[in-house]
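This report refers to the structure that appears directly beneath it.
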Amino acid sequence: LSGLFTGLRTPAFDAQEVTYTQVVTGRFGGYDCYDGLFEWRKRIDSDNYISGSHRVAAVRLPDELPRLMLVPEGLGARLAKAFGGADIDFESSTFNRSWRVLADDPKVAYEMLSPRVLARLDEMESKSPLLFERGLGVRIDDDSKGIDSLAGRLSGLLAVARFLPEHTIED
């Protein structure tokens with residue numbers, strides 16, 4: 001299913017060479033879900049490439065919404081902020097300590113991340129970057145994660161999908 005992520009503008013999904021293999025697909029929690037190994041390779045100059053391999057779980061959302069990224073606090077979050085990512089704060093201080101939120105449209109981000117969703121995201125045992133873009137919710141883990149962790153990895157994506165306000169989708 002290498003074409004599933006076509007159109008995503010967020011690195012590494014925008015790399016020139018991508019494959020999405022060993023994919024398991026089905027319905028979970030009422031949504032079309034996917035899980036597989038995402039490998040990418042991107043040319044940085046005429047002689048050099050960078051590449052990576054990740055376990056990626058995805059949920060098809062009811063509609064396309066502006067891009068929203070949630071990055072667990074840590075080095076990656078600090079790097080995103082250093083390179084111009086403007087973090088959005090929410091009413092939950094525990095959520096704000098655990099996550100960095102970067103959004104193309106802050107108003108939609110507040111609507112997507114209601115207090116109920118914030119609580120679910122805080123409860124997740126294992127936190128990894130989450131991306132909502134082009135009608136997909138995507139979770140990016142290291143490639144050592146297996147299918148046995150899929151339900152837990154989908155939990156944050158499904159929390160956002162389940163509690164999307166109808167007026168946000170309509171707007």
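The chains in the structure tokens are called A, B, ... from first to last as shown; in each chain the residues are counted from 1, and the ligands are counted from 1 in the order shown.
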
Determine, counting only C-alpha atoms, which protein, DNA and RNA residues have an atom within 10 Å of an atom of Ser144 (chain A); residues of the same chain fewer than 6 positions away are not included. Present the result as a tab-separated table (two decimals) with C-alpha atoms, in the first residue's frame.
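part.tsv was written with the following content:
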```tsv
chain	number	residue	atom	x	y	z
A	37	LEU	CA	6.38	-1.04	7.84
A	53	SER	CA	12.21	2.70	8.60
A	54	HIS	CA	9.20	3.05	10.91
A	55	ARG	CA	6.16	1.09	12.06
```

Write out, as a Markdown table, each residue of region 57-78 of chain A that has an atom at most 8 Å from region 86-102 of chain A, together with the closest pair of atoms and their distance in Å to one decimal, counting only C-alpha atoms, rows going by chain and rising number.
```
| residue | atom | partner | partner_atom | distance |
| --- | --- | --- | --- | --- |
| A:Leu68 | CA | A:Leu102 | CA | 5.9 |
| A:Met69 | CA | A:Leu102 | CA | 5.1 |
| A:Leu70 | CA | A:Val101 | CA | 4.7 |
| A:Val71 | CA | A:Arg100 | CA | 5.1 |
| A:Pro72 | CA | A:Trp99 | CA | 4.4 |
| A:Glu73 | CA | A:Trp99 | CA | 5.0 |
| A:Ala77 | CA | A:Arg100 | CA | 6.1 |
```

Keeping only N, CA, C and O atoms, write the selected residues as a PDB file, in the first residue's frame.
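Contents of result_4.pdb, freshly written:
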```
ATOM      1  N   LEU A  68      -2.377  18.701  11.521  1.00  0.00           N
ATOM      2  CA  LEU A  68      -2.156  18.793  12.959  1.00  0.00           C
ATOM      3  C   LEU A  68      -1.119  17.755  13.329  1.00  0.00           C
ATOM      4  O   LEU A  68      -1.251  16.589  12.943  1.00  0.00           O
ATOM      5  N   MET A  69      -0.066  18.161  14.032  1.00  0.00           N
ATOM      6  CA  MET A  69       0.970  17.232  14.484  1.00  0.00           C
ATOM      7  C   MET A  69       1.074  17.301  15.994  1.00  0.00           C
ATOM      8  O   MET A  69       1.103  18.391  16.567  1.00  0.00           O
ATOM      9  N   LEU A  70       1.130  16.131  16.622  1.00  0.00           N
ATOM     10  CA  LEU A  70       1.361  16.039  18.047  1.00  0.00           C
ATOM     11  C   LEU A  70       2.666  15.280  18.245  1.00  0.00           C
ATOM     12  O   LEU A  70       2.806  14.157  17.769  1.00  0.00           O
ATOM     13  N   VAL A  71       3.604  15.913  18.926  1.00  0.00           N
ATOM     14  CA  VAL A  71       4.914  15.327  19.125  1.00  0.00           C
ATOM     15  C   VAL A  71       5.133  15.193  20.629  1.00  0.00           C
ATOM     16  O   VAL A  71       5.020  16.182  21.361  1.00  0.00           O
ATOM     17  N   PRO A  72       5.448  13.970  21.107  1.00  0.00           N
ATOM     18  CA  PRO A  72       5.713  13.815  22.537  1.00  0.00           C
ATOM     19  C   PRO A  72       6.885  14.692  22.966  1.00  0.00           C
ATOM     20  O   PRO A  72       7.836  14.884  22.191  1.00  0.00           O
ATOM     21  N   GLU A  73       6.811  15.221  24.162  1.00  0.00           N
ATOM     22  CA  GLU A  73       7.886  16.069  24.683  1.00  0.00           C
ATOM     23  C   GLU A  73       9.190  15.277  24.671  1.00  0.00           C
ATOM     24  O   GLU A  73       9.223  14.110  24.976  1.00  0.00           O
ATOM     25  N   ALA A  77      10.553  17.085  19.911  1.00  0.00           N
ATOM     26  CA  ALA A  77       9.670  18.236  20.106  1.00  0.00           C
ATOM     27  C   ALA A  77      10.479  19.526  20.194  1.00  0.00           C
ATOM     28  O   ALA A  77      10.107  20.548  19.645  1.00  0.00           O
TER      29      ALA A  77
END
```

Could you give me, as a PDB file with C-alpha atoms, in the first residue's frame, the residues within 10 Å of Ser51 (chain A), counting only C-alpha atoms and dropping anything in the same chain fewer than 2 positions from it?
```pdb
ATOM      1  CA  ALA A  12       9.247  11.596   5.761  1.00  0.00           C
ATOM      2  CA  ALA A  15      10.296  11.402   0.318  1.00  0.00           C
ATOM      3  CA  GLU A  17      11.141   6.695  -2.548  1.00  0.00           C
ATOM      4  CA  VAL A  18       8.632   5.141  -0.139  1.00  0.00           C
ATOM      5  CA  GLU A  39      10.471   2.743   4.622  1.00  0.00           C
ATOM      6  CA  TRP A  40      11.651   5.917   2.941  1.00  0.00           C
ATOM      7  CA  ARG A  41      14.664   7.318   1.177  1.00  0.00           C
ATOM      8  CA  LYS A  42      15.232  10.947   0.235  1.00  0.00           C
ATOM      9  CA  ARG A  43      18.022  12.482  -1.850  1.00  0.00           C
ATOM     10  CA  TYR A  49      20.560  10.052   0.648  1.00  0.00           C
ATOM     11  CA  SER A  53      12.211   2.698   8.602  1.00  0.00           C
TER      12      SER A  53
END
```

Nearest to Glu133 (chain A) among A:Val59, A:Cys33, A:Arg67, A:Leu157, with distances taken over only C-alpha atoms: which residue is it?
A:Arg67

For Ser114 (chain A), the nearest of the candidates A:Asp63, A:Gly137, A:Leu130, A:Thr168, counting only C-alpha atoms
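Counting only C-alpha atoms, the residue closest to Ser114 (chain A) is A:Thr168.
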
Hey, which of A:Ala159, A:Leu136, A:Val108, A:Ser149 ends up closest to Glu123 (chain A)? Count only C-alpha atoms.
A:Ala159

Return as a ChimeraX atom specification the full set of residues in chain A whose backbone-based DSSP assignment is strand (DSSP E).
/A:17-28,31-43,49-60,68-72,99-103,130-133,136-142
